[in-house]
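Q: Starting off with a structure, shown below.
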Amino acid sequence: MQTISLRDVTKKYRSLTILDQVNLEIRENAITGVVGRNGAGKTTLMKMIAGFIKESGGELRVFGERPFNSLSVSANTIFIDDMMGFPDAMTLGDILVECERFYAKWDGELAKRLLEYFSLPLVLKHRILSKGKRSIFNAVVGIAARCPLTMFDEPITGMDSAARRDFYRALLKDYIAHPRTILLSSHHVEEMEDLLEDVLLIDGKGIGFHGPITELQEKFLALQGKRETLEIYANRYAVIHRSTTGPLAEWIVDNEHTEAELVALKQAGIRIAAVSASDAYLAMTGQTRGGVDDVFNAMERA
Amino acid sequence: MFSTQWSVHELAKRQFLFKLNANGPIFTMLILLQIIATVFLGGASTSGYESYDDPFSFVYSTVSNDGQIGLTLFWAFIVGFLLTSSAQRNESFAFVTNRLTFQLGNFYFFCAAALLGGVTTVLLGSVMKIITLFSDNAIIESAGLFSAPLDFFSQIYAMTVYTLLLMLIGYTIGTFIQLSRLFIMLFALIWIAVTQYSFFMLGTSAGELLHVFYGETSILLFTLKVLLLVGILFGLSFWVTNRLEVRNP
């Protein structure tokens, strides 16, 4: 069963193309991590799915309906981000009352208990909350609304590490008790690894990777050994990333090899290890190169 | 396929209740404006002196609540404009809505606010009478609830309707400005044109345009004209609202 399906969906702002001809299916009742570099189009994609903004082309269906201006999609969807506006005049308690009014499966008791746990008194006003506290409140609303499609856009902005851990844990527990389709975008893949079933990587105006998180890890191999040895044996692979720790070098390479090659590598004294999903993500989006140094070097030369 | 389904009517009602809860300060603002109007403009009365042949002469003064009416209409325009702000939109779209229920919720809110504005403004007229009575020890000649109930209620009706119209005008202008800031220029030009025109040719054209409403003596025709204008304003603003992208800074 597919909750979301996109066929050749494009989003443009005047001449600027954000997403180009995206094809995608998100299955029901799975937690999907939406990852990608800044400005890749994660938020744009989710806002289109929520019906806030209109697709420029293609066919977008959420629960089988076009989300823009659909009352049914809105009633079954919640989109949580750090820009969420609640009225200035309202206290957190007032906002919970409004949530109850709009979300059919709202669990007020859970929301109150979670806010108490995170020490957020209901008498506070939303606008005086600190950045982290505001993120916590919004996240609690997202969890307690129990919408069949729940989207979090960088929900952990400003949260301290204990709060982040608690948020992931609360989300997972409530998801297991009440399965729903969850999209979760964040830059911290290493923190979400245990939570995610699927990963959706947005890169270069399209989908860089979409599938189970283990499949993402299997795309790469880490080879560890002496640099000279690696250069002799491993140069035939596409090297994504090179790093050196102490006497050993580590190369992350594409996982395309034959059994015989593996044996040869092992005999040469090269250790073969799996990569974490986070490393695989960083490698795929070119975040491991540290290329910003080049900018400064170029300026010094000029 | 959907586990939750709402009707447009039900959600518009809920959006309206949410608007009422969220916008308490708007009503506080109205009460404050009316107090200011009563305290500072209440003393403004025009005096006259009539003298006939010697033994008879009398002094009269006209006290009006034009000040309160003006400020209420001003408030109405501002409220209409305020509800088009992106903050207001984001608040509504934080919960369940589409653009139609959002617009309907706003419209219901305007109706409620206009009714409150209309009733309080007319009742302030009575407050003025009491103030005058105590300060001047005067004989008051005016229509009141008991002396002319029909007049009294038609005052409330007319005031409510004018308040609603001003809100919708503010809302429509605000909506267009949300679509593009260039509309500020257009509306400024229209404003200058209309005011200049009526300045030079008082009593014609621009004046007549307003006369269509305040010069109408039949309450039925007045209502029809108002409904027509409300329909036009609602349609115009919805035409824009229906294509707005929300929560998208």
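Identifiers in the structure tokens: chain A, B, ... in order shown; residue index from 1 per chain; ligand index from 1 in order shown.
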With only C-alpha atoms considered, list every residue of chain B at most 8 Å from chain A, as a PDB file with N, CA and C atoms, in the first residue's frame.

A:
ATOM      1  N   MET B   1     -10.012   5.124   2.094  1.00  0.00           N
ATOM      2  CA  MET B   1      -8.564   5.293   2.234  1.00  0.00           C
ATOM      3  C   MET B   1      -8.229   6.286   3.347  1.00  0.00           C
ATOM      4  N   PHE B   2      -9.104   7.268   3.572  1.00  0.00           N
ATOM      5  CA  PHE B   2      -8.843   8.222   4.652  1.00  0.00           C
ATOM      6  C   PHE B   2      -9.450   7.728   5.945  1.00  0.00           C
ATOM      7  N   SER B   3      -8.703   7.887   7.037  1.00  0.00           N
ATOM      8  CA  SER B   3      -9.286   7.465   8.300  1.00  0.00           C
ATOM      9  C   SER B   3     -10.113   8.590   8.907  1.00  0.00           C
ATOM     10  N   THR B   4      -9.813   9.828   8.562  1.00  0.00           N
ATOM     11  CA  THR B   4     -10.601  10.947   9.072  1.00  0.00           C
ATOM     12  C   THR B   4     -11.135  11.764   7.913  1.00  0.00           C
ATOM     13  N   GLN B   5     -12.415  12.076   7.948  1.00  0.00           N
ATOM     14  CA  GLN B   5     -12.959  12.954   6.911  1.00  0.00           C
ATOM     15  C   GLN B   5     -13.880  13.991   7.530  1.00  0.00           C
ATOM     16  N   TRP B   6     -13.688  15.242   7.115  1.00  0.00           N
ATOM     17  CA  TRP B   6     -14.493  16.335   7.621  1.00  0.00           C
ATOM     18  C   TRP B   6     -15.331  16.898   6.478  1.00  0.00           C
ATOM     19  N   VAL B   8     -16.810  20.400   4.768  1.00  0.00           N
ATOM     20  CA  VAL B   8     -16.342  21.787   4.676  1.00  0.00           C
ATOM     21  C   VAL B   8     -16.990  22.630   5.772  1.00  0.00           C
ATOM     22  N   ARG B  14     -15.035  25.006  12.888  1.00  0.00           N
ATOM     23  CA  ARG B  14     -13.928  24.825  13.838  1.00  0.00           C
ATOM     24  C   ARG B  14     -12.830  25.867  13.636  1.00  0.00           C
ATOM     25  N   PHE B  18     -11.564  28.554  16.385  1.00  0.00           N
ATOM     26  CA  PHE B  18     -10.130  28.737  16.621  1.00  0.00           C
ATOM     27  C   PHE B  18      -9.748  30.204  16.475  1.00  0.00           C
ATOM     28  N   ALA B  22      -8.079  32.622  19.196  1.00  0.00           N
ATOM     29  CA  ALA B  22      -6.727  33.111  18.941  1.00  0.00           C
ATOM     30  C   ALA B  22      -6.671  34.631  18.887  1.00  0.00           C
ATOM     31  N   ASN B  23      -7.809  35.274  18.590  1.00  0.00           N
ATOM     32  CA  ASN B  23      -7.765  36.705  18.329  1.00  0.00           C
ATOM     33  C   ASN B  23      -8.465  37.555  19.385  1.00  0.00           C
ATOM     34  N   GLY B  24      -8.375  37.122  20.630  1.00  0.00           N
ATOM     35  CA  GLY B  24      -8.943  37.905  21.722  1.00  0.00           C
ATOM     36  C   GLY B  24      -8.475  39.359  21.723  1.00  0.00           C
ATOM     37  N   PRO B  25      -7.176  39.602  21.471  1.00  0.00           N
ATOM     38  CA  PRO B  25      -6.685  40.986  21.512  1.00  0.00           C
ATOM     39  C   PRO B  25      -7.416  41.922  20.541  1.00  0.00           C
ATOM     40  N   ALA B  87       1.308  35.518   9.217  1.00  0.00           N
ATOM     41  CA  ALA B  87       1.262  34.876  10.527  1.00  0.00           C
ATOM     42  C   ALA B  87      -0.116  34.249  10.757  1.00  0.00           C
ATOM     43  N   GLN B  88      -1.160  35.003  10.427  1.00  0.00           N
ATOM     44  CA  GLN B  88      -2.520  34.488  10.595  1.00  0.00           C
ATOM     45  C   GLN B  88      -2.746  33.239   9.740  1.00  0.00           C
ATOM     46  N   ASN B  90      -0.415  31.137   8.612  1.00  0.00           N
ATOM     47  CA  ASN B  90       0.357  30.007   9.128  1.00  0.00           C
ATOM     48  C   ASN B  90      -0.302  29.398  10.354  1.00  0.00           C
ATOM     49  N   GLU B  91      -0.908  30.255  11.201  1.00  0.00           N
ATOM     50  CA  GLU B  91      -1.594  29.737  12.380  1.00  0.00           C
ATOM     51  C   GLU B  91      -2.738  28.813  11.961  1.00  0.00           C
ATOM     52  N   ALA B  94      -1.549  25.575  10.526  1.00  0.00           N
ATOM     53  CA  ALA B  94      -0.897  24.659  11.452  1.00  0.00           C
ATOM     54  C   ALA B  94      -1.876  23.549  11.816  1.00  0.00           C
ATOM     55  N   PHE B  95      -3.169  23.830  11.629  1.00  0.00           N
ATOM     56  CA  PHE B  95      -4.186  22.821  11.924  1.00  0.00           C
ATOM     57  C   PHE B  95      -4.842  22.388  10.613  1.00  0.00           C
ATOM     58  N   VAL B  96      -5.905  21.623  10.759  1.00  0.00           N
ATOM     59  CA  VAL B  96      -6.548  21.082   9.554  1.00  0.00           C
ATOM     60  C   VAL B  96      -7.358  22.168   8.835  1.00  0.00           C
ATOM     61  N   THR B  97      -7.064  22.392   7.576  1.00  0.00           N
ATOM     62  CA  THR B  97      -7.863  23.331   6.796  1.00  0.00           C
ATOM     63  C   THR B  97      -7.477  23.224   5.327  1.00  0.00           C
ATOM     64  N   ASN B  98      -8.357  23.691   4.454  1.00  0.00           N
ATOM     65  CA  ASN B  98      -7.907  24.004   3.106  1.00  0.00           C
ATOM     66  C   ASN B  98      -8.215  25.482   2.892  1.00  0.00           C
ATOM     67  N   ARG B  99      -8.003  25.978   1.694  1.00  0.00           N
ATOM     68  CA  ARG B  99      -8.138  27.419   1.524  1.00  0.00           C
ATOM     69  C   ARG B  99      -9.589  27.892   1.618  1.00  0.00           C
ATOM     70  N   LEU B 100     -10.516  27.001   1.272  1.00  0.00           N
ATOM     71  CA  LEU B 100     -11.935  27.373   1.364  1.00  0.00           C
ATOM     72  C   LEU B 100     -12.388  27.481   2.817  1.00  0.00           C
ATOM     73  N   ASN B 242      -7.310  31.195  -2.872  1.00  0.00           N
ATOM     74  CA  ASN B 242      -7.382  29.805  -3.312  1.00  0.00           C
ATOM     75  C   ASN B 242      -6.102  29.327  -3.989  1.00  0.00           C
ATOM     76  N   LEU B 244      -2.941  30.648  -3.019  1.00  0.00           N
ATOM     77  CA  LEU B 244      -1.777  31.037  -2.207  1.00  0.00           C
ATOM     78  C   LEU B 244      -1.010  29.827  -1.696  1.00  0.00           C
ATOM     79  N   GLU B 245       0.302  29.925  -1.710  1.00  0.00           N
ATOM     80  CA  GLU B 245       1.131  28.899  -1.094  1.00  0.00           C
ATOM     81  C   GLU B 245       1.367  29.317   0.350  1.00  0.00           C
ATOM     82  N   VAL B 246       1.144  28.395   1.267  1.00  0.00           N
ATOM     83  CA  VAL B 246       1.191  28.765   2.681  1.00  0.00           C
ATOM     84  C   VAL B 246       2.381  28.136   3.391  1.00  0.00           C
ATOM     85  N   ARG B 247       2.648  28.648   4.570  1.00  0.00           N
ATOM     86  CA  ARG B 247       3.770  28.197   5.414  1.00  0.00           C
ATOM     87  C   ARG B 247       5.052  28.095   4.598  1.00  0.00           C
ATOM     88  N   ASN B 248       5.240  29.066   3.741  1.00  0.00           N
ATOM     89  CA  ASN B 248       6.371  29.024   2.827  1.00  0.00           C
ATOM     90  C   ASN B 248       7.078  30.372   2.810  1.00  0.00           C
TER      91      ASN B 248
END

Q: Can you pull out the residues contacting Glu59 of chain A? Cut-off 12 Å, using only C-alpha atoms, and skip same-chain residues under 2 positions away; I want them as a PyMOL selection string.

A: chain A and resi 4-11+21-25+48-49+54-57+61-62+64-68

Q: Looking only at strand (DSSP E or B) from DSSP on the backbone, list the matching residues of segment 74-170 of chain A as a list in words.

A: Thr77, Ile78, Phe79, Ile80, Thr91, Lys125, Leu149, Thr150, Met151, Phe152 and Asp153 of chain A

Q: Have a look at atom CA of Ala170 of chain A and atom CA of Arg37 of chain A and let me know their distance in Å, one decimal.

A: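 Those two atoms sit 26.3 Å apart.
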
Q: Counting only C-alpha atoms, figure out which residue out of B:Val63, B:Ala113, B:Leu83, B:Ile232 gets nearest to Gln178 of chain B.

A: B:Leu83

Q: Record the distance separating atom CA of Thr172 of chain B and atom CA of Gly235 of chain B, expressed in Å with one decimal.

A: 9.3 Å

Q: Can you measure atom CA of Glu28 of chain A to atom CA of Met151 of chain A for me? One decimal in Å is fine.

A: 13.1 Å

Q: Do a neighbour search on segment 158-168 of chain B at 7 Å with only C-alpha atoms, toss out local chain neighbours closer than 5 positions, and write the hits as a PyMOL selection string.

A: chain B and resi 73+76-77+79-80+110-111+114-115+117-118+230+233

Q: Just the selected residues (C-alpha atoms), exported as a PDB file, in the first residue's frame, please.

A:
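Result file follows (out_8.pdb):
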ATOM      1  CA  LEU B  73     -15.027  51.588  11.153  1.00  0.00           C
ATOM      2  CA  ALA B  76     -12.913  47.175  11.176  1.00  0.00           C
ATOM      3  CA  PHE B  77     -10.647  48.051   8.264  1.00  0.00           C
ATOM      4  CA  VAL B  79      -8.955  43.931  11.480  1.00  0.00           C
ATOM      5  CA  GLY B  80      -9.777  42.924   7.920  1.00  0.00           C
ATOM      6  CA  PHE B 110     -15.796  38.982  10.490  1.00  0.00           C
ATOM      7  CA  CYS B 111     -19.552  38.496  10.916  1.00  0.00           C
ATOM      8  CA  ALA B 114     -18.980  43.116  13.013  1.00  0.00           C
ATOM      9  CA  LEU B 115     -22.002  42.246  15.114  1.00  0.00           C
ATOM     10  CA  GLY B 117     -18.760  46.274  16.774  1.00  0.00           C
ATOM     11  CA  GLY B 118     -22.220  47.295  15.570  1.00  0.00           C
ATOM     12  CA  VAL B 230     -20.193  41.185   0.108  1.00  0.00           C
ATOM     13  CA  LEU B 233     -15.526  41.111  -2.171  1.00  0.00           C
TER      14      LEU B 233
END

Q: I'd like to know which of A:Leu92, A:Ala277, A:Ala234, A:Met46 is closest to Leu196 of chain A, using only C-alpha atoms.

A: A:Ala277

Q: Enumerate the residues of segment 127-245 of chain A with a DSSP assignment of alpha helix (DSSP H), computed from the backbone, and present them as a ChimeraX atom specification.

A: /A:131-144,161-177,189-192,213-218,227-233

Q: Limited to N, CA and C atoms, could you put the picked residues into a file as a short mmCIF file (atom, residue, chain, number, x, y, z; two decimals), in the first residue's frame?

A:
data_model
loop_
_atom_site.label_atom_id
_atom_site.label_comp_id
_atom_site.auth_asym_id
_atom_site.auth_seq_id
_atom_site.Cartn_x
_atom_site.Cartn_y
_atom_site.Cartn_z
N LYS A 131 14.40 28.29 21.56
CA LYS A 131 14.39 27.54 20.30
C LYS A 131 14.23 26.04 20.55
N GLY A 132 15.02 25.52 21.48
CA GLY A 132 14.97 24.09 21.77
C GLY A 132 13.64 23.66 22.34
N LYS A 133 13.12 24.47 23.29
CA LYS A 133 11.85 24.14 23.93
C LYS A 133 10.72 24.18 22.91
N ARG A 134 10.80 25.15 22.00
CA ARG A 134 9.77 25.26 20.97
C ARG A 134 9.78 24.01 20.08
N SER A 135 10.99 23.56 19.74
CA SER A 135 11.10 22.34 18.94
C SER A 135 10.50 21.16 19.68
N ILE A 136 10.76 21.10 20.99
CA ILE A 136 10.22 19.98 21.77
C ILE A 136 8.70 20.04 21.76
N PHE A 137 8.15 21.24 21.99
CA PHE A 137 6.68 21.37 22.00
C PHE A 137 6.09 20.94 20.67
N ASN A 138 6.66 21.46 19.57
CA ASN A 138 6.13 21.11 18.24
C ASN A 138 6.22 19.61 18.00
N ALA A 139 7.33 19.01 18.43
CA ALA A 139 7.51 17.57 18.22
C ALA A 139 6.45 16.79 19.00
N VAL A 140 6.16 17.25 20.23
CA VAL A 140 5.14 16.57 21.04
C VAL A 140 3.79 16.65 20.34
N VAL A 141 3.46 17.82 19.78
CA VAL A 141 2.21 17.96 19.03
C VAL A 141 2.19 16.95 17.88
N GLY A 142 3.33 16.83 17.19
CA GLY A 142 3.40 15.91 16.06
C GLY A 142 3.19 14.46 16.46
N ILE A 143 3.73 14.09 17.62
CA ILE A 143 3.59 12.70 18.07
C ILE A 143 2.15 12.44 18.53
N ALA A 144 1.61 13.37 19.33
CA ALA A 144 0.29 13.14 19.94
C ALA A 144 -0.85 13.27 18.94
N SER A 161 21.21 17.11 23.55
CA SER A 161 21.33 15.72 23.11
C SER A 161 20.40 14.80 23.90
N ALA A 162 20.13 15.13 25.18
CA ALA A 162 19.21 14.30 25.95
C ALA A 162 17.80 14.39 25.37
N ALA A 163 17.41 15.62 25.03
CA ALA A 163 16.06 15.82 24.47
C ALA A 163 15.93 15.11 23.13
N ARG A 164 17.02 15.15 22.34
CA ARG A 164 16.97 14.49 21.03
C ARG A 164 16.76 12.99 21.19
N ARG A 165 17.55 12.43 22.14
CA ARG A 165 17.41 10.99 22.38
C ARG A 165 15.99 10.66 22.84
N ASP A 166 15.46 11.47 23.75
CA ASP A 166 14.10 11.24 24.25
C ASP A 166 13.07 11.35 23.14
N PHE A 167 13.27 12.34 22.26
CA PHE A 167 12.32 12.52 21.16
C PHE A 167 12.28 11.30 20.26
N TYR A 168 13.48 10.81 19.86
CA TYR A 168 13.51 9.63 18.99
C TYR A 168 12.85 8.43 19.66
N ARG A 169 13.12 8.31 20.95
CA ARG A 169 12.58 7.18 21.71
C ARG A 169 11.05 7.28 21.78
N ALA A 170 10.56 8.47 22.11
CA ALA A 170 9.10 8.68 22.23
C ALA A 170 8.42 8.41 20.89
N LEU A 171 9.05 8.91 19.83
CA LEU A 171 8.47 8.73 18.49
C LEU A 171 8.39 7.24 18.15
N LEU A 172 9.48 6.52 18.45
CA LEU A 172 9.53 5.09 18.12
C LEU A 172 8.48 4.31 18.92
N LYS A 173 8.38 4.62 20.21
CA LYS A 173 7.43 3.89 21.06
C LYS A 173 6.00 4.13 20.59
N ASP A 174 5.67 5.39 20.31
CA ASP A 174 4.30 5.69 19.89
C ASP A 174 4.02 5.13 18.50
N TYR A 175 5.07 5.08 17.67
CA TYR A 175 4.92 4.52 16.33
C TYR A 175 4.63 3.02 16.40
N ILE A 176 5.31 2.33 17.32
CA ILE A 176 5.08 0.89 17.45
C ILE A 176 3.67 0.63 17.95
N ALA A 177 3.21 1.44 18.90
CA ALA A 177 1.86 1.26 19.43
C ALA A 177 0.80 1.69 18.41
N VAL A 189 22.13 11.77 10.41
CA VAL A 189 21.75 10.39 10.10
C VAL A 189 22.23 9.45 11.20
N GLU A 190 23.41 9.77 11.77
CA GLU A 190 23.97 8.87 12.78
C GLU A 190 23.02 8.72 13.98
N GLU A 191 22.25 9.78 14.27
CA GLU A 191 21.33 9.71 15.40
C GLU A 191 20.05 8.94 15.07
N MET A 192 19.67 8.97 13.80
CA MET A 192 18.38 8.37 13.43
C MET A 192 18.52 6.93 12.95
N ILE A 213 17.40 1.09 4.72
CA ILE A 213 18.64 1.70 5.18
C ILE A 213 19.82 0.73 5.03
N THR A 214 19.55 -0.58 5.16
CA THR A 214 20.63 -1.56 5.02
C THR A 214 21.16 -1.56 3.58
N GLU A 215 20.26 -1.33 2.64
CA GLU A 215 20.67 -1.30 1.24
C GLU A 215 21.63 -0.14 0.97
N LEU A 216 21.37 0.98 1.68
CA LEU A 216 22.25 2.14 1.54
C LEU A 216 23.66 1.77 2.03
N GLN A 217 23.70 1.07 3.18
CA GLN A 217 25.01 0.68 3.73
C GLN A 217 25.74 -0.27 2.79
N GLU A 218 24.97 -1.18 2.15
CA GLU A 218 25.60 -2.19 1.29
C GLU A 218 26.16 -1.61 0.00
N ARG A 227 48.59 2.52 3.17
CA ARG A 227 48.23 3.32 2.02
C ARG A 227 48.81 2.75 0.72
N GLU A 228 50.07 2.27 0.83
CA GLU A 228 50.73 1.75 -0.37
C GLU A 228 50.00 0.50 -0.88
N THR A 229 49.62 -0.36 0.08
CA THR A 229 48.92 -1.58 -0.29
C THR A 229 47.59 -1.24 -0.96
N LEU A 230 46.89 -0.28 -0.35
CA LEU A 230 45.59 0.10 -0.92
C LEU A 230 45.78 0.62 -2.34
N GLU A 231 46.81 1.39 -2.53
CA GLU A 231 47.01 1.98 -3.85
C GLU A 231 47.29 0.92 -4.92
N ILE A 232 47.92 -0.18 -4.48
CA ILE A 232 48.18 -1.25 -5.45
C ILE A 232 46.90 -2.04 -5.75
N TYR A 233 46.19 -2.40 -4.68
CA TYR A 233 45.10 -3.36 -4.87
C TYR A 233 43.72 -2.73 -5.10
#

Q: Taking into account only C-alpha atoms, which residue in the set A:Ser186, A:Thr157, A:Thr150, A:Asn38 is nearest to Thr285 of chain A?

A: A:Asn38

Q: Counting only C-alpha atoms, which of A:Ile156, A:Lys205, A:Gly286, A:Leu19 gets nearest to Gly58 of chain A?

A: A:Leu19

Q: As a ChimeraX atom specification, please: the residues near Asn255 of chain A (cut-off 6 Å, only C-alpha atoms, same-chain neighbours under 3 positions excluded).

A: /A:219-221

Q: I'd like the contact shell of Ile26 of chain A - 10 Å cut-off, only C-alpha atoms, skipping same-chain residues fewer than 3 positions apart - returned as a PyMOL selection string.

A: chain A and resi 1-6+29-32+62+181-183+198+200+210-211

Q: Please, could you write that set of residues out with C-alpha atoms as a PDB file, in the first residue's frame?

A:
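Output file selection.pdb follows:
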ATOM      1  CA  MET A   1       0.000   0.000   0.000  1.00  0.00           C
ATOM      2  CA  GLN A   2       1.468   3.363  -1.027  1.00  0.00           C
ATOM      3  CA  THR A   3       0.709   6.457   1.035  1.00  0.00           C
ATOM      4  CA  ILE A   4       2.475   8.896  -1.245  1.00  0.00           C
ATOM      5  CA  SER A   5       3.188   8.617  -4.936  1.00  0.00           C
ATOM      6  CA  LEU A   6       4.893  11.092  -7.225  1.00  0.00           C
ATOM      7  CA  ASN A  29       3.341   2.652   7.960  1.00  0.00           C
ATOM      8  CA  ALA A  30       7.078   2.981   7.590  1.00  0.00           C
ATOM      9  CA  ILE A  31       9.513   5.505   9.023  1.00  0.00           C
ATOM     10  CA  THR A  32      11.414   7.122   6.185  1.00  0.00           C
ATOM     11  CA  VAL A  62      -1.296  11.453  -1.103  1.00  0.00           C
ATOM     12  CA  THR A 181       3.623   6.728   7.857  1.00  0.00           C
ATOM     13  CA  ILE A 182       6.368   9.001   9.132  1.00  0.00           C
ATOM     14  CA  LEU A 183       8.716  11.218   7.165  1.00  0.00           C
ATOM     15  CA  ASP A 198      13.840   3.502   4.731  1.00  0.00           C
ATOM     16  CA  LEU A 200      15.132   8.849   0.924  1.00  0.00           C
ATOM     17  CA  HIS A 210      15.464   5.438  -1.917  1.00  0.00           C
ATOM     18  CA  GLY A 211      15.234   2.126  -0.161  1.00  0.00           C
TER      19      GLY A 211
END
